[in-house]
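Participant: structure32.txt (compact mmCIF, C-alpha atoms and all ligand atoms) pasted underneath:
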```
# COMPACT_ATOMS: atom_id res chain seq x y z
CA ALA A 1 135.81 78.09 44.84
CA ALA A 2 137.17 76.78 48.14
CA PRO A 3 135.21 73.84 49.59
CA GLY A 4 132.51 74.82 52.03
CA VAL A 5 132.13 78.34 50.68
CA PRO A 6 128.50 79.14 49.81
CA ALA A 7 127.73 80.09 46.23
CA LEU A 8 125.38 82.74 47.58
CA GLU A 9 124.88 83.88 51.14
CA GLY A 10 122.75 86.51 52.83
CA VAL A 11 123.27 87.48 56.45
CA GLY A 12 120.85 89.61 58.46
CA LEU A 13 118.90 90.75 55.42
CA VAL A 14 116.19 93.33 56.05
CA LYS A 15 113.89 94.99 53.52
CA HIS A 16 110.91 97.07 54.52
CA PHE A 17 108.38 98.70 52.22
CA GLY A 18 106.92 101.43 54.39
CA GLY A 19 105.38 99.51 57.25
CA VAL A 20 105.60 96.12 55.50
CA HIS A 21 108.45 94.01 56.83
CA ALA A 22 108.86 92.00 53.62
CA VAL A 23 112.25 90.57 54.64
CA ASP A 24 112.91 90.81 58.34
CA GLY A 25 116.34 89.53 59.36
CA VAL A 26 116.97 86.58 57.05
CA ASP A 27 120.10 84.43 56.99
CA ILE A 28 120.38 82.09 54.02
CA LYS A 29 123.24 80.00 52.68
CA ILE A 30 123.09 78.39 49.25
CA MET A 31 125.75 75.80 48.51
CA PRO A 32 127.12 74.87 45.06
CA GLY A 33 125.91 71.56 43.67
CA THR A 34 122.58 71.72 45.47
CA VAL A 35 118.97 72.49 44.69
CA HIS A 36 117.75 74.88 47.38
CA GLY A 37 114.05 75.52 47.81
CA ILE A 38 112.57 78.70 49.24
CA ILE A 39 108.97 78.12 50.24
CA GLY A 40 106.37 79.97 52.26
CA PRO A 41 102.83 81.28 52.02
CA ASN A 42 101.89 83.95 49.50
CA GLY A 43 103.30 87.34 50.46
CA SER A 44 105.80 85.83 52.91
CA GLY A 45 108.74 87.62 51.28
CA LYS A 46 110.25 84.99 48.98
CA SER A 47 110.57 87.16 45.88
CA THR A 48 111.74 90.14 47.91
CA LEU A 49 114.40 87.96 49.53
CA VAL A 50 115.69 86.99 46.10
CA SER A 51 115.61 90.64 45.03
CA CYS A 52 117.81 91.43 48.02
CA LEU A 53 120.22 88.59 47.18
CA THR A 54 120.50 89.73 43.55
CA ARG A 55 120.80 93.43 44.49
CA TYR A 56 117.62 94.19 42.63
CA HIS A 57 116.55 95.92 45.85
CA ARG A 58 118.73 98.04 48.08
CA VAL A 59 118.59 96.34 51.48
CA ASP A 60 117.86 98.18 54.72
CA ALA A 61 120.38 95.95 56.49
CA GLY A 62 122.49 92.85 55.93
CA THR A 63 125.22 91.55 53.67
CA VAL A 64 125.27 89.45 50.51
CA THR A 65 128.28 87.43 49.40
CA ILE A 66 128.86 85.47 46.21
CA PHE A 67 131.48 82.73 46.61
CA GLY A 68 132.73 84.54 49.68
CA GLU A 69 133.04 87.99 48.12
CA GLU A 70 130.72 90.87 48.90
CA ALA A 71 128.22 91.28 46.08
CA ALA A 72 128.48 94.54 44.17
CA HIS A 73 125.51 96.87 44.62
CA ALA A 74 124.14 96.55 41.09
CA PRO A 75 122.04 93.76 39.58
CA HIS A 76 124.13 93.55 36.40
CA ARG A 77 127.30 93.10 38.46
CA VAL A 78 125.62 90.27 40.35
CA ALA A 79 124.70 88.69 37.02
CA GLU A 80 128.31 89.05 35.86
CA ALA A 81 129.39 87.25 39.03
CA GLY A 82 127.33 84.28 37.83
CA VAL A 83 124.01 84.72 39.60
CA THR A 84 121.11 84.56 37.13
CA ARG A 85 117.46 85.01 37.98
CA VAL A 86 114.57 83.83 35.84
CA PHE A 87 111.45 85.88 36.40
CA GLN A 88 107.91 84.60 36.54
CA VAL A 89 106.91 86.01 33.16
CA PRO A 90 108.79 84.67 30.11
CA HIS A 91 110.61 87.21 27.94
CA LEU A 92 111.39 85.18 24.85
CA PHE A 93 112.07 86.19 21.30
CA GLU A 94 108.74 84.92 20.00
CA ARG A 95 109.44 85.34 16.29
CA VAL A 96 112.61 83.24 16.17
CA SER A 97 113.15 79.54 16.65
CA VAL A 98 113.40 77.77 19.98
CA LEU A 99 117.02 76.87 19.18
CA ASP A 100 117.89 80.47 18.35
CA ASN A 101 116.47 81.59 21.67
CA VAL A 102 118.94 79.28 23.40
CA LEU A 103 121.82 80.44 21.18
CA THR A 104 121.00 84.01 22.21
CA GLY A 105 121.60 82.98 25.81
CA MET A 106 124.99 81.53 24.89
CA ARG A 107 125.97 84.71 23.13
CA MET A 108 125.51 86.59 26.38
CA ARG A 109 128.44 84.69 27.86
CA GLU A 110 131.53 86.69 28.62
CA SER A 111 133.72 84.21 26.75
CA TYR A 112 131.71 84.64 23.58
CA THR A 113 133.74 86.44 20.95
CA TRP A 114 131.86 88.87 18.76
CA ILE A 115 134.78 89.08 16.36
CA GLY A 116 134.73 85.31 15.98
CA ALA A 117 131.03 85.57 15.28
CA THR A 118 131.17 88.32 12.70
CA VAL A 119 134.18 87.09 10.76
CA ARG A 120 133.06 83.82 9.22
CA SER A 121 136.23 82.00 10.15
CA PRO A 122 136.68 78.23 10.57
CA GLY A 123 137.00 78.96 14.28
CA TYR A 124 133.59 80.59 14.19
CA ARG A 125 132.03 77.61 12.44
CA ARG A 126 133.51 75.25 15.02
CA GLN A 127 132.22 77.40 17.87
CA ASP A 128 128.83 77.61 16.16
CA ARG A 129 128.59 73.81 15.74
CA ALA A 130 129.59 73.21 19.35
CA GLU A 131 127.04 75.75 20.55
CA ARG A 132 124.23 74.24 18.52
CA ALA A 133 125.05 70.79 19.90
CA GLU A 134 125.08 72.12 23.44
CA ALA A 135 121.82 74.01 22.88
CA ARG A 136 120.12 70.88 21.56
CA GLU A 137 121.39 68.87 24.51
CA LEU A 138 119.92 71.38 26.96
CA LEU A 139 116.64 71.42 25.03
CA ALA A 140 116.54 67.62 25.25
CA PHE A 141 116.89 67.73 29.06
CA ALA A 142 113.94 70.12 29.10
CA GLY A 143 111.85 67.86 26.86
CA LEU A 144 112.00 70.37 24.00
CA ALA A 145 114.29 68.53 21.56
CA SER A 146 111.55 67.98 19.00
CA ARG A 147 110.60 71.67 19.16
CA ALA A 148 114.08 73.08 18.45
CA ASP A 149 113.21 74.39 15.00
CA TRP A 150 109.74 75.67 15.84
CA LEU A 151 109.01 79.33 16.44
CA ALA A 152 109.08 80.14 20.14
CA SER A 153 105.60 81.64 19.74
CA SER A 154 104.23 78.17 18.89
CA LEU A 155 105.12 76.71 22.30
CA SER A 156 102.64 76.11 25.09
CA HIS A 157 102.81 78.29 28.18
CA GLY A 158 104.70 75.61 30.11
CA GLN A 159 107.13 74.98 27.25
CA LYS A 160 107.86 78.71 27.08
CA ARG A 161 108.68 78.71 30.76
CA LEU A 162 111.01 75.73 30.25
CA LEU A 163 112.66 77.47 27.31
CA GLU A 164 113.20 80.53 29.46
CA VAL A 165 115.03 78.32 31.96
CA VAL A 166 117.12 76.68 29.21
CA ARG A 167 118.09 80.08 27.84
CA ALA A 168 119.20 81.18 31.30
CA VAL A 169 121.23 77.96 31.67
CA ALA A 170 122.87 78.70 28.34
CA THR A 171 124.47 81.83 29.82
CA ARG A 172 126.38 79.40 32.10
CA PRO A 173 125.45 80.82 35.47
CA LYS A 174 126.93 79.47 38.69
CA VAL A 175 123.73 80.18 40.57
CA LEU A 176 120.37 79.88 38.84
CA ILE A 177 117.36 81.34 40.65
CA LEU A 178 113.92 80.29 39.43
CA ASP A 179 110.89 82.19 40.74
CA GLU A 180 107.92 79.81 40.79
CA PRO A 181 108.96 77.90 37.65
CA ALA A 182 106.42 75.13 38.16
CA THR A 183 103.36 77.37 37.84
CA GLY A 184 101.13 76.22 35.00
CA LEU A 185 103.34 73.28 33.99
CA THR A 186 101.81 69.92 33.06
CA SER A 187 103.09 66.85 34.88
CA SER A 188 105.42 65.89 32.02
CA GLU A 189 106.73 69.47 31.93
CA LEU A 190 107.31 69.27 35.68
CA ASP A 191 109.32 66.08 35.12
CA ALA A 192 111.38 67.87 32.49
CA LEU A 193 112.02 70.80 34.82
CA ALA A 194 113.11 68.42 37.60
CA ARG A 195 115.41 66.58 35.17
CA LEU A 196 117.02 69.83 34.09
CA CYS A 197 117.53 70.93 37.71
CA ARG A 198 119.19 67.59 38.54
CA VAL A 199 121.55 67.91 35.57
CA LEU A 200 122.52 71.40 36.71
CA ARG A 201 123.14 70.16 40.26
CA GLU A 202 125.39 67.41 38.88
CA ARG A 203 127.30 70.07 36.98
CA GLY A 204 127.92 71.88 40.27
CA LEU A 205 125.48 74.75 39.94
CA ALA A 206 123.45 76.05 42.81
CA VAL A 207 119.79 76.03 41.78
CA VAL A 208 117.39 78.12 43.85
CA LEU A 209 113.71 77.27 43.50
CA ILE A 210 111.15 79.69 44.87
CA GLU A 211 108.11 77.51 44.84
CA HIS A 212 104.49 77.24 45.68
CA ASN A 213 104.21 73.62 44.60
CA VAL A 214 105.39 72.00 47.82
CA ASP A 215 105.32 68.43 46.46
CA PHE A 216 107.63 69.46 43.64
CA VAL A 217 110.06 71.09 46.06
CA MET A 218 110.08 68.15 48.49
CA GLY A 219 110.93 65.69 45.73
CA LEU A 220 113.76 67.73 44.27
CA CYS A 221 115.49 69.91 46.85
CA ASP A 222 118.50 69.06 49.00
CA GLU A 223 117.83 71.94 51.32
CA ILE A 224 114.77 74.06 51.99
CA THR A 225 114.35 77.45 53.64
CA VAL A 226 110.83 78.21 54.82
CA VAL A 227 109.85 81.85 55.25
CA GLU A 228 106.79 83.38 56.82
CA SER A 229 106.15 87.11 57.32
CA GLY A 230 109.70 87.88 56.24
CA LYS A 231 111.36 85.52 58.71
CA VAL A 232 112.93 82.08 58.35
CA ILE A 233 110.78 79.67 60.35
CA GLU A 234 112.54 76.45 59.35
CA ARG A 235 115.48 75.23 57.32
CA GLY A 236 116.92 71.84 56.50
CA ASP A 237 116.34 68.80 54.31
CA PRO A 238 112.84 67.88 53.08
CA GLU A 239 112.27 65.35 55.89
CA ARG A 240 113.01 67.91 58.54
CA VAL A 241 110.88 70.59 56.92
CA GLN A 242 107.95 68.25 56.32
CA SER A 243 107.81 67.22 59.95
CA SER A 244 108.31 70.73 61.34
CA PRO A 245 105.46 71.97 63.56
CA ALA A 246 106.25 75.58 62.59
CA VAL A 247 105.85 74.74 58.90
CA LEU A 248 102.60 72.86 59.43
CA GLU A 249 101.32 75.82 61.41
CA ALA A 250 102.31 78.28 58.66
CA TYR A 251 100.57 76.27 55.94
CA LEU A 252 97.60 74.87 57.77
CA GLY A 253 97.08 77.24 60.67
CA ARG A 254 95.52 80.00 58.65
P1 LIG A 301 106.17 86.23 48.01
O1 LIG A 301 107.12 86.22 46.87
O2 LIG A 301 106.55 85.32 49.13
O3 LIG A 301 104.75 86.00 47.59
P2 LIG A 301 106.80 89.06 48.15
O4 LIG A 301 108.25 89.09 48.42
O5 LIG A 301 106.37 89.32 46.76
O6 LIG A 301 106.19 87.70 48.70
O7 LIG A 301 106.07 90.11 49.07
C1 LIG A 301 106.31 90.21 50.47
C2 LIG A 301 105.55 91.41 51.04
O8 LIG A 301 106.14 92.61 50.57
C3 LIG A 301 104.08 91.47 50.62
O9 LIG A 301 103.35 92.00 51.68
C4 LIG A 301 104.12 92.41 49.44
O10 LIG A 301 102.87 93.07 49.31
C5 LIG A 301 105.22 93.39 49.83
N1 LIG A 301 105.93 93.94 48.67
C6 LIG A 301 106.67 93.24 47.79
N2 LIG A 301 107.22 94.07 46.87
C7 LIG A 301 106.82 95.32 47.19
C8 LIG A 301 107.04 96.61 46.63
N3 LIG A 301 107.84 96.77 45.56
N4 LIG A 301 106.46 97.68 47.23
C9 LIG A 301 105.68 97.52 48.32
N5 LIG A 301 105.44 96.35 48.91
C10 LIG A 301 105.99 95.25 48.36
MG MG A 302 106.82 85.82 44.78
```
Kindly return the structure encoded in the file as structure tokens.
Facilitator:
Amino acid sequence: AAPGVPALEGVGLVKHFGGVHAVDGVDIKIMPGTVHGIIGPNGSGKSTLVSCLTRYHRVDAGTVTIFGEEAAHAPHRVAEAGVTRVFQVPHLFERVSVLDNVLTGMRMRESYTWIGATVRSPGYRRQDRAERAEARELLAFAGLASRADWLASSLSHGQKRLLEVVRAVATRPKVLILDEPATGLTSSELDALARLCRVLRERGLAVVLIEHNVDFVMGLCDEITVVESGKVIERGDPERVQSSPAVLEAYLGR
């Protein structure tokens, strides 16, 4: 993409549910190679905003662009354009290994050749070896290397959430959106999640973190958008956001 072009951008986004102004005129710009936090009190419209950006909801107003092009009005087309969202509840294949869960993610890539996979050719074996190595590397970033051959069902809640993130990464998105990934994670799992996010940023992805855990966001994000009652009340780097009177008011003034 051309320099300076946002990976994902929403302009003037509005989404009402009856009388509830869940998203009420939001502008947001998410740049490649950054970790972008979206924070705000419960019910402030964070998840709805992401649903607008990913075309999961039809917006009442506003535009969404992905690398400068208008996003198609269908969630699967947004996913094909490289924008992947990980939901709050893990949907893993519980009865297969951790490694196989990651390989499943890789096999959802467009470049993956089903013919290569079904015909047991030398090319297939090479691809398979490379994929397994890549899967293990991603698992190592997430602190799950020693669990690769375990059944997914044997993982702790936090490890399952990390595996869900790794599997999404394996599809090679350009934008990875995580909805409250830190919920229920132990401190070492939080470290693993942060490590994984930093690796993805280095690789040029845009990582979007919708988060409740403000400390986690402040330590990791390059840019933060703060929403309250469907509106952006502050945006900028962690220092700016932390010292913002509007943000203090939103978090403490209730
Ligand atoms: P957050 O993710 O910040 O906690 P949400 O985006 O989930 O907030 O919700 C924002 C507001 O929109 C809340 O008042 C919520 O009750 C309402 N809302 C969200 N989704 C729906 C829906 N599908 N139907 C009706 N109201 C909704
Ligand atoms: Mg939410």
Participant: Using only C-alpha atoms, find the one residue out of A:Ala79, A:Leu176, A:Val23, A:Ala182 that sits nearest to Gln159 of chain A.
Facilitator: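 Comparing A:Ala79, A:Leu176, A:Val23, A:Ala182 against Gln159 of chain A, the winner is A:Ala182.
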Participant: Could the residues that lie within 10 Å of ligand LIG 301 (chain A), counting all atoms listed in the file, be listed as JSON, numbers by chain?
Facilitator: {"A": [15, 16, 17, 18, 19, 20, 21, 22, 23, 38, 39, 40, 41, 42, 43, 44, 45, 46, 47, 48, 49, 50, 51, 52, 57, 179, 180, 210, 211, 212, 227, 228, 229, 230]}
Participant: Determine the nearest neighbour of ligand MG 302 (chain A) from the options A:Thr183, A:Thr63, A:Ser153, A:Ser97, counting all atoms listed in the file.
Facilitator: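 Nearest candidate to ligand MG 302 (chain A) out of A:Thr183, A:Thr63, A:Ser153, A:Ser97: A:Thr183.
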Participant: May I ask which of the residues A:Met108, A:Leu8, A:Ile66, A:Val35 is the closest one to Gly204 of chain A, counting all atoms listed in the file?
Facilitator: A:Val35
Participant: Go through A:Val199, A:Leu138, A:Leu99, A:Val86 and flag the residue nearest ligand MG 302 (chain A), using only C-alpha atoms and all ligand atoms for the distances.
Facilitator: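 Closest to ligand MG 302 (chain A) of all the choices is A:Val86.
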Participant: Set the distance at 12 Å and use all atoms listed in the file: which residues neighbour Ile224 of chain A once local chain neighbours fewer than 6 positions away are removed? I'd like the list as a PDB file with C-alpha atoms, in the coordinates of the input.
Facilitator:
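For reference, result.pdb as written:
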```pdb
ATOM      1  CA  ILE A  28     120.380  82.090  54.020  1.00  0.00           C
ATOM      2  CA  LYS A  29     123.240  80.000  52.680  1.00  0.00           C
ATOM      3  CA  ILE A  30     123.090  78.390  49.250  1.00  0.00           C
ATOM      4  CA  MET A  31     125.750  75.800  48.510  1.00  0.00           C
ATOM      5  CA  THR A  34     122.580  71.720  45.470  1.00  0.00           C
ATOM      6  CA  VAL A  35     118.970  72.490  44.690  1.00  0.00           C
ATOM      7  CA  HIS A  36     117.750  74.880  47.380  1.00  0.00           C
ATOM      8  CA  GLY A  37     114.050  75.520  47.810  1.00  0.00           C
ATOM      9  CA  ILE A  38     112.570  78.700  49.240  1.00  0.00           C
ATOM     10  CA  ILE A  39     108.970  78.120  50.240  1.00  0.00           C
ATOM     11  CA  GLY A  40     106.370  79.970  52.260  1.00  0.00           C
ATOM     12  CA  VAL A 207     119.790  76.030  41.780  1.00  0.00           C
ATOM     13  CA  VAL A 208     117.390  78.120  43.850  1.00  0.00           C
ATOM     14  CA  LEU A 209     113.710  77.270  43.500  1.00  0.00           C
ATOM     15  CA  ILE A 210     111.150  79.690  44.870  1.00  0.00           C
ATOM     16  CA  GLU A 211     108.110  77.510  44.840  1.00  0.00           C
ATOM     17  CA  VAL A 214     105.390  72.000  47.820  1.00  0.00           C
ATOM     18  CA  PHE A 216     107.630  69.460  43.640  1.00  0.00           C
ATOM     19  CA  VAL A 217     110.060  71.090  46.060  1.00  0.00           C
ATOM     20  CA  MET A 218     110.080  68.150  48.490  1.00  0.00           C
ATOM     21  CA  VAL A 232     112.930  82.080  58.350  1.00  0.00           C
ATOM     22  CA  ILE A 233     110.780  79.670  60.350  1.00  0.00           C
ATOM     23  CA  GLU A 234     112.540  76.450  59.350  1.00  0.00           C
ATOM     24  CA  ARG A 235     115.480  75.230  57.320  1.00  0.00           C
ATOM     25  CA  GLY A 236     116.920  71.840  56.500  1.00  0.00           C
ATOM     26  CA  ASP A 237     116.340  68.800  54.310  1.00  0.00           C
ATOM     27  CA  PRO A 238     112.840  67.880  53.080  1.00  0.00           C
ATOM     28  CA  GLU A 239     112.270  65.350  55.890  1.00  0.00           C
ATOM     29  CA  ARG A 240     113.010  67.910  58.540  1.00  0.00           C
ATOM     30  CA  VAL A 241     110.880  70.590  56.920  1.00  0.00           C
ATOM     31  CA  GLN A 242     107.950  68.250  56.320  1.00  0.00           C
ATOM     32  CA  SER A 244     108.310  70.730  61.340  1.00  0.00           C
ATOM     33  CA  VAL A 247     105.850  74.740  58.900  1.00  0.00           C
TER      34      VAL A 247
END
```
Participant: So that I can see what lies close to Ala72 of chain A, please list as a CSV table (one decimal) with C-alpha atoms, in the coordinates of the input the residues with an atom at most 9 Å from it, counting all atoms listed in the file and leaving out residues fewer than 5 positions away in the same chain.
Facilitator:
```
chain,number,residue,atom,x,y,z
A,55,ARG,CA,120.8,93.4,44.5
A,64,VAL,CA,125.3,89.4,50.5
A,65,THR,CA,128.3,87.4,49.4
A,77,ARG,CA,127.3,93.1,38.5
A,78,VAL,CA,125.6,90.3,40.4
A,81,ALA,CA,129.4,87.2,39.0
```
Participant: Return the single residue from A:Leu193, A:Leu205, A:Leu178, A:Ala2 that is closest to ligand MG 302 (chain A), with distances computed using only C-alpha atoms and all ligand atoms.
Facilitator: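 The answer is A:Leu178, which sits nearest to ligand MG 302 (chain A).
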Participant: Under the rule that only C-alpha atoms and all ligand atoms are counted, which of A:Val98, A:Leu103, A:Val89, A:Val165 is the nearest residue to ligand MG 302 (chain A)?
Facilitator: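 For ligand MG 302 (chain A), the nearest of the candidates is A:Val89.
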Participant: So how many Å separate atom CA of Thr84 of chain A and atom CA of Ala168 of chain A, to one decimal?
Facilitator: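 Taking atom CA of Thr84 of chain A as the start and atom CA of Ala168 of chain A as the end point, the length is 7.0 Å.
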Participant: Could you check how far atom CA of Leu151 of chain A sits from atom CA of Val96 of chain A, in Å to one decimal?
Facilitator: 5.3 Å
Participant: Grab the atom CA of Ala152 of chain A to atom CA of Glu94 of chain A distance for me, in Å with one decimal place.
Facilitator: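 So the two atoms, atom CA of Ala152 of chain A and atom CA of Glu94 of chain A, lie 4.8 Å apart.
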Participant: Excluding Gly82 of chain A and residues on its chain fewer than 5 positions from it, collect all residues at most 8 Å away from it, counting all atoms listed in the file, and give them as an MDAnalysis selection string.
Facilitator: chainID A and resid 172:175
Participant: Could you please give me, as a ChimeraX atom specification, the residues of protein, DNA or RNA lying at most 6 Å from (115.8, 92.4, 61.1) in the coordinate frame of the file, considering all atoms listed in the file?
Facilitator: /A:14,24-25
Participant: Residues as selected, C-alpha atoms, written as an mmCIF file, keeping the file's coordinate frame, can you do that?
Facilitator:
```cif
data_model
loop_
_atom_site.group_PDB
_atom_site.id
_atom_site.type_symbol
_atom_site.label_atom_id
_atom_site.label_comp_id
_atom_site.auth_asym_id
_atom_site.auth_seq_id
_atom_site.Cartn_x
_atom_site.Cartn_y
_atom_site.Cartn_z
ATOM 1 C CA VAL A 14 116.190 93.330 56.050
ATOM 2 C CA ASP A 24 112.910 90.810 58.340
ATOM 3 C CA GLY A 25 116.340 89.530 59.360
#
```
Participant: Please return segment 15-30 of chain A, rebuilt to N, CA and C atoms, as an mmCIF file, in the frame of the given file.
Facilitator:
```
data_model
loop_
_atom_site.group_PDB
_atom_site.id
_atom_site.type_symbol
_atom_site.label_atom_id
_atom_site.label_comp_id
_atom_site.auth_asym_id
_atom_site.auth_seq_id
_atom_site.Cartn_x
_atom_site.Cartn_y
_atom_site.Cartn_z
ATOM 1 N N LYS A 15 114.457 94.083 54.531
ATOM 2 C CA LYS A 15 113.890 94.990 53.520
ATOM 3 C C LYS A 15 112.463 95.338 53.912
ATOM 4 N N HIS A 16 112.252 96.605 54.173
ATOM 5 C CA HIS A 16 110.910 97.070 54.520
ATOM 6 C C HIS A 16 110.364 97.923 53.379
ATOM 7 N N PHE A 17 109.074 97.779 53.124
ATOM 8 C CA PHE A 17 108.380 98.700 52.220
ATOM 9 C C PHE A 17 107.411 99.496 53.087
ATOM 10 N N GLY A 18 107.753 100.704 53.439
ATOM 11 C CA GLY A 18 106.920 101.430 54.390
ATOM 12 C C GLY A 18 106.796 100.620 55.655
ATOM 13 N N GLY A 19 105.574 100.296 56.035
ATOM 14 C CA GLY A 19 105.380 99.510 57.250
ATOM 15 C C GLY A 19 105.433 98.008 57.044
ATOM 16 N N VAL A 20 105.600 97.573 55.779
ATOM 17 C CA VAL A 20 105.600 96.120 55.500
ATOM 18 C C VAL A 20 107.006 95.557 55.675
ATOM 19 N N HIS A 21 107.154 94.636 56.602
ATOM 20 C CA HIS A 21 108.450 94.010 56.830
ATOM 21 C C HIS A 21 108.567 92.792 55.895
ATOM 22 N N ALA A 22 108.863 93.062 54.629
ATOM 23 C CA ALA A 22 108.860 92.000 53.620
ATOM 24 C C ALA A 22 109.951 90.972 53.892
ATOM 25 N N VAL A 23 111.141 91.451 54.238
ATOM 26 C CA VAL A 23 112.250 90.570 54.640
ATOM 27 C C VAL A 23 112.767 91.126 55.958
ATOM 28 N N ASP A 24 112.776 90.287 56.982
ATOM 29 C CA ASP A 24 112.910 90.810 58.340
ATOM 30 C C ASP A 24 113.989 90.070 59.121
ATOM 31 N N GLY A 25 115.226 90.164 58.640
ATOM 32 C CA GLY A 25 116.340 89.530 59.360
ATOM 33 C C GLY A 25 116.590 88.108 58.915
ATOM 34 N N VAL A 26 116.808 87.932 57.601
ATOM 35 C CA VAL A 26 116.970 86.580 57.050
ATOM 36 C C VAL A 26 118.444 86.230 56.846
ATOM 37 N N ASP A 27 118.801 85.036 57.324
ATOM 38 C CA ASP A 27 120.100 84.430 56.990
ATOM 39 C C ASP A 27 119.820 83.276 56.039
ATOM 40 N N ILE A 28 120.564 83.203 54.953
ATOM 41 C CA ILE A 28 120.380 82.090 54.020
ATOM 42 C C ILE A 28 121.717 81.771 53.364
ATOM 43 N N LYS A 29 121.976 80.472 53.221
ATOM 44 C CA LYS A 29 123.240 80.000 52.680
ATOM 45 C C LYS A 29 122.928 79.010 51.577
ATOM 46 N N ILE A 30 123.389 79.280 50.377
ATOM 47 C CA ILE A 30 123.090 78.390 49.250
ATOM 48 C C ILE A 30 124.396 77.800 48.740
#
```
